[in-house]
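**Q** Enclosed is the structure file data.csv (CSV, N, CA and C atoms).
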chain,number,residue,atom,x,y,z
A,1,MET,N,128.2,72.9,129.0
A,1,MET,CA,128.7,73.5,130.2
A,1,MET,C,129.0,75.0,130.0
A,2,VAL,N,128.8,75.8,131.0
A,2,VAL,CA,129.1,77.2,130.9
A,2,VAL,C,130.5,77.6,131.5
A,3,LEU,N,131.1,78.6,131.1
A,3,LEU,CA,132.4,79.0,131.5
A,3,LEU,C,132.5,79.2,133.0
A,4,GLU,N,131.4,79.7,133.7
A,4,GLU,CA,131.4,79.9,135.1
A,4,GLU,C,131.7,78.6,135.9
A,5,LYS,N,131.4,77.5,135.3
A,5,LYS,CA,131.5,76.2,136.0
A,5,LYS,C,132.9,75.5,135.8
A,6,VAL,N,133.7,76.1,135.0
A,6,VAL,CA,135.0,75.5,134.6
A,6,VAL,C,136.0,75.7,135.8
A,7,GLU,N,136.7,74.6,136.1
A,7,GLU,CA,137.7,74.7,137.2
A,7,GLU,C,139.0,75.5,136.8
A,8,VAL,N,139.6,76.2,137.7
A,8,VAL,CA,140.8,76.9,137.5
A,8,VAL,C,141.9,76.0,136.9
A,9,GLY,N,142.6,76.5,135.9
A,9,GLY,CA,143.6,75.7,135.2
A,9,GLY,C,143.2,74.9,134.0
A,10,LYS,N,141.9,74.8,133.8
A,10,LYS,CA,141.3,74.1,132.6
A,10,LYS,C,141.3,75.0,131.4
A,11,LYS,N,141.5,74.3,130.3
A,11,LYS,CA,141.3,75.0,129.0
A,11,LYS,C,140.0,74.5,128.3
A,12,VAL,N,139.3,75.4,127.7
A,12,VAL,CA,138.0,75.1,127.1
A,12,VAL,C,137.9,75.9,125.8
A,13,LYS,N,137.0,75.4,124.9
A,13,LYS,CA,136.7,76.0,123.6
A,13,LYS,C,135.3,76.6,123.7
A,14,VAL,N,135.2,77.9,123.2
A,14,VAL,CA,133.9,78.5,123.2
A,14,VAL,C,133.0,78.0,122.1
A,15,LEU,N,131.8,77.5,122.5
A,15,LEU,CA,130.9,76.9,121.6
A,15,LEU,C,129.9,78.0,121.1
A,16,ASP,N,129.4,78.8,122.1
A,16,ASP,CA,128.4,79.8,121.8
A,16,ASP,C,128.3,80.8,122.9
A,17,ILE,N,127.8,82.0,122.5
A,17,ILE,CA,127.6,83.0,123.5
A,17,ILE,C,126.2,83.5,123.5
A,18,GLU,N,125.5,83.4,124.6
A,18,GLU,CA,124.1,83.8,124.7
A,18,GLU,C,124.0,85.1,125.3
A,19,GLY,N,122.8,85.7,125.1
A,19,GLY,CA,122.6,87.0,125.8
A,19,GLY,C,122.2,88.1,124.9
A,20,LYS,N,122.2,89.3,125.4
A,20,LYS,CA,121.9,90.5,124.6
A,20,LYS,C,123.0,90.8,123.6
A,21,GLU,N,122.7,91.4,122.6
A,21,GLU,CA,123.6,91.8,121.5
A,21,GLU,C,124.8,92.6,122.0
A,22,ASP,N,124.5,93.5,122.9
A,22,ASP,CA,125.6,94.4,123.5
A,22,ASP,C,126.6,93.6,124.3
A,23,SER,N,126.1,92.6,125.1
A,23,SER,CA,126.9,91.7,125.9
A,23,SER,C,127.8,90.9,125.0
A,24,ILE,N,127.2,90.4,123.9
A,24,ILE,CA,128.0,89.5,123.0
A,24,ILE,C,129.1,90.4,122.3
A,25,LYS,N,128.7,91.6,121.9
A,25,LYS,CA,129.7,92.4,121.2
A,25,LYS,C,130.9,92.8,122.2
A,26,LYS,N,130.5,93.0,123.5
A,26,LYS,CA,131.5,93.3,124.5
A,26,LYS,C,132.5,92.2,124.6
A,27,LEU,N,132.0,91.0,124.7
A,27,LEU,CA,132.9,89.8,124.8
A,27,LEU,C,133.7,89.6,123.5
A,28,GLN,N,133.1,89.8,122.4
A,28,GLN,CA,133.9,89.7,121.1
A,28,GLN,C,135.0,90.8,121.0
A,29,ALA,N,134.7,92.0,121.5
A,29,ALA,CA,135.8,93.0,121.5
A,29,ALA,C,136.9,92.6,122.4
A,30,MET,N,136.7,91.8,123.4
A,30,MET,CA,137.7,91.4,124.3
A,30,MET,C,138.5,90.1,123.8
A,31,GLY,N,138.0,89.6,122.6
A,31,GLY,CA,138.6,88.5,122.0
A,31,GLY,C,138.0,87.1,122.3
A,32,ILE,N,136.8,87.2,123.0
A,32,ILE,CA,136.1,86.0,123.4
A,32,ILE,C,135.0,85.8,122.3
A,33,ARG,N,135.2,84.8,121.5
A,33,ARG,CA,134.2,84.5,120.4
A,33,ARG,C,134.2,83.0,120.1
A,34,LYS,N,133.2,82.5,119.4
A,34,LYS,CA,133.1,81.1,119.0
A,34,LYS,C,134.4,80.6,118.5
A,35,GLY,N,134.8,79.4,118.9
A,35,GLY,CA,136.0,78.7,118.4
A,35,GLY,C,137.3,79.1,119.2
A,36,LYS,N,137.3,80.1,120.0
A,36,LYS,CA,138.5,80.5,120.8
A,36,LYS,C,138.7,79.5,121.9
A,37,VAL,N,139.9,79.3,122.3
A,37,VAL,CA,140.3,78.5,123.4
A,37,VAL,C,140.6,79.5,124.6
A,38,LEU,N,140.0,79.2,125.7
A,38,LEU,CA,140.2,80.0,126.9
A,38,LEU,C,140.8,79.2,128.0
A,39,GLU,N,141.6,79.7,128.9
A,39,GLU,CA,142.1,79.1,130.0
A,39,GLU,C,141.6,79.8,131.3
A,40,VAL,N,140.9,79.1,132.2
A,40,VAL,CA,140.5,79.8,133.4
A,40,VAL,C,141.7,79.9,134.3
A,41,VAL,N,142.1,81.1,134.6
A,41,VAL,CA,143.3,81.4,135.4
A,41,VAL,C,143.0,81.6,136.9
A,42,GLN,N,141.9,82.2,137.2
A,42,GLN,CA,141.6,82.5,138.6
A,42,GLN,C,140.1,82.9,138.7
A,43,LYS,N,139.6,82.6,139.9
A,43,LYS,CA,138.2,83.0,140.3
A,43,LYS,C,138.3,83.9,141.5
A,44,LEU,N,137.8,85.1,141.3
A,44,LEU,CA,137.9,86.1,142.4
A,44,LEU,C,136.5,86.6,142.7
A,45,GLY,N,135.9,86.2,143.8
A,45,GLY,CA,134.6,86.7,144.2
A,45,GLY,C,133.6,86.6,143.1
A,46,ARG,N,133.2,87.7,142.5
A,46,ARG,CA,132.2,87.7,141.4
A,46,ARG,C,132.8,87.8,140.1
A,47,SER,N,134.1,87.6,140.0
A,47,SER,CA,134.8,87.7,138.7
A,47,SER,C,135.6,86.4,138.4
A,48,ILE,N,135.8,86.2,137.1
A,48,ILE,CA,136.7,85.1,136.6
A,48,ILE,C,137.7,85.7,135.7
A,49,VAL,N,139.0,85.3,135.9
A,49,VAL,CA,140.1,85.7,135.0
A,49,VAL,C,140.4,84.6,134.1
A,50,VAL,N,140.3,84.9,132.8
A,50,VAL,CA,140.6,84.0,131.7
A,50,VAL,C,141.7,84.5,130.8
A,51,LYS,N,142.5,83.5,130.3
A,51,LYS,CA,143.5,83.8,129.4
A,51,LYS,C,143.0,83.6,128.0
A,52,VAL,N,143.1,84.6,127.1
A,52,VAL,CA,142.7,84.5,125.7
A,52,VAL,C,143.9,84.9,124.9
A,53,ASP,N,144.4,84.0,124.1
A,53,ASP,CA,145.6,84.2,123.3
A,53,ASP,C,146.7,84.6,124.3
A,54,HIS,N,147.2,85.8,124.3
A,54,HIS,CA,148.3,86.2,125.2
A,54,HIS,C,147.8,87.2,126.3
A,55,SER,N,146.5,87.4,126.4
A,55,SER,CA,146.0,88.4,127.3
A,55,SER,C,145.2,87.7,128.4
A,56,LYS,N,145.2,88.3,129.6
A,56,LYS,CA,144.3,87.9,130.7
A,56,LYS,C,143.2,88.9,130.8
A,57,ILE,N,142.0,88.4,130.9
A,57,ILE,CA,140.8,89.3,131.0
A,57,ILE,C,139.9,88.8,132.1
A,58,ALA,N,139.4,89.8,132.9
A,58,ALA,CA,138.5,89.5,134.0
A,58,ALA,C,137.1,89.8,133.5
A,59,ILE,N,136.2,88.8,133.7
A,59,ILE,CA,134.8,89.0,133.4
A,59,ILE,C,133.9,88.6,134.6
A,60,SER,N,132.7,89.1,134.6
A,60,SER,CA,131.8,88.8,135.7
A,60,SER,C,131.3,87.4,135.6
A,61,LYS,N,131.0,86.8,136.7
A,61,LYS,CA,130.5,85.4,136.7
A,61,LYS,C,129.1,85.4,135.9
A,62,SER,N,128.4,86.5,136.1
A,62,SER,CA,127.1,86.5,135.4
A,62,SER,C,127.3,86.5,133.8
A,63,LEU,N,128.3,87.2,133.4
A,63,LEU,CA,128.6,87.1,131.9
A,63,LEU,C,129.2,85.8,131.6
A,64,ALA,N,130.0,85.2,132.4
A,64,ALA,CA,130.6,83.9,132.2
A,64,ALA,C,129.5,82.8,132.1
A,65,GLN,N,128.4,83.0,132.7
A,65,GLN,CA,127.2,82.0,132.6
A,65,GLN,C,126.6,82.0,131.2
A,66,LYS,N,126.9,83.0,130.4
A,66,LYS,CA,126.3,83.1,129.1
A,66,LYS,C,127.2,82.5,128.0
A,67,ILE,N,128.4,82.1,128.4
A,67,ILE,CA,129.4,81.5,127.5
A,67,ILE,C,129.4,80.0,127.6
A,68,LYS,N,128.9,79.3,126.5
A,68,LYS,CA,128.9,77.9,126.5
A,68,LYS,C,130.2,77.4,126.0
A,69,VAL,N,130.8,76.4,126.7
A,69,VAL,CA,132.1,75.9,126.4
A,69,VAL,C,132.2,74.4,126.4
A,70,GLN,N,133.2,73.9,125.8
A,70,GLN,CA,133.4,72.4,125.8
A,70,GLN,C,134.9,72.1,126.2
Would you give me this structure, written as structure tokens?
**A**
Amino acid sequence: MVLEKVEVGKKVKVLDIEGKEDSIKKLQAMGIRKGKVLEVVQKLGRSIVVKVDHSKIAISKSLAQKIKVQ
């Protein structure tokens, strides 16, 4: 499953991140990397707000489609 399909309020674990190297590095700089647990907090138009550790981060749905979760 990809992050973009996860319902609000659900927690998931990152299995893999696909895409160009610069996109992967951008996500990793925000704390989103393999093994991290994310909680989908809100879906706003073309963005998804996720909680990573103690931070909330907004990412585009197109970027969220590249994050495989379980």
**Q** If you run DSSP on the backbone, which residues of region 3-54 of chain A are strand (DSSP E), as a VMD selection string?
**A** chain A and resid 11 to 17 37 to 44 47 to 52
**Q** In terms of the shortest atom-to-atom distance over only C-alpha atoms, which of A:Val69, A:Ala58, A:Leu15, A:Leu27 is closest to Val41 (chain A)?
**A**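 Among A:Val69, A:Ala58, A:Leu15, A:Leu27, it is A:Ala58 that comes nearest to Val41 (chain A).
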**Q** Set the distance at 10 Å and use only C-alpha atoms: which residues neighbour Val14 (chain A) once local chain neighbours fewer than 2 positions away are removed? I'd like the list as an MDAnalysis selection string.
**A** chainID A and resid 2:3 12 16:17 32:38 67:70
**Q** Find the distance between CA of Glu18 (chain A) and CA of Lys51 (chain A) and write it in Å to one decimal.
**A**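 Going from CA of Glu18 (chain A) over to CA of Lys51 (chain A), I get 20.0 Å.
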**Q** Of the candidates A:Ala29, A:Met1, A:Val8, A:Leu63, which one gets nearest to Leu44 (chain A) if we count only C-alpha atoms?
**A** A:Val8
**Q** Just the number, please: distance in Å from atom N of Val40 (chain A) to CA of Lys26 (chain A), one decimal.
**A**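 Between these atoms lies a distance of 18.7 Å.
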**Q** For CA of Ser60 (chain A) and CA of Ser23 (chain A), quote the distance in Å rounded to one decimal.
**A**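 That distance, rounded to one decimal, is 11.3 Å.
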**Q** How would you write, as a PyMOL selection string, the set of residues in chain A that DSSP gives as helix (DSSP H, G or I)?
**A** chain A and resi 3-5+21-29+61-64
**Q** With distances taken over only C-alpha atoms, which of A:Ala64, A:Lys25, A:Lys20, A:Lys13 is nearest to Val49 (chain A)?
**A**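 Under the stated criterion, the closest residue is A:Ala64.
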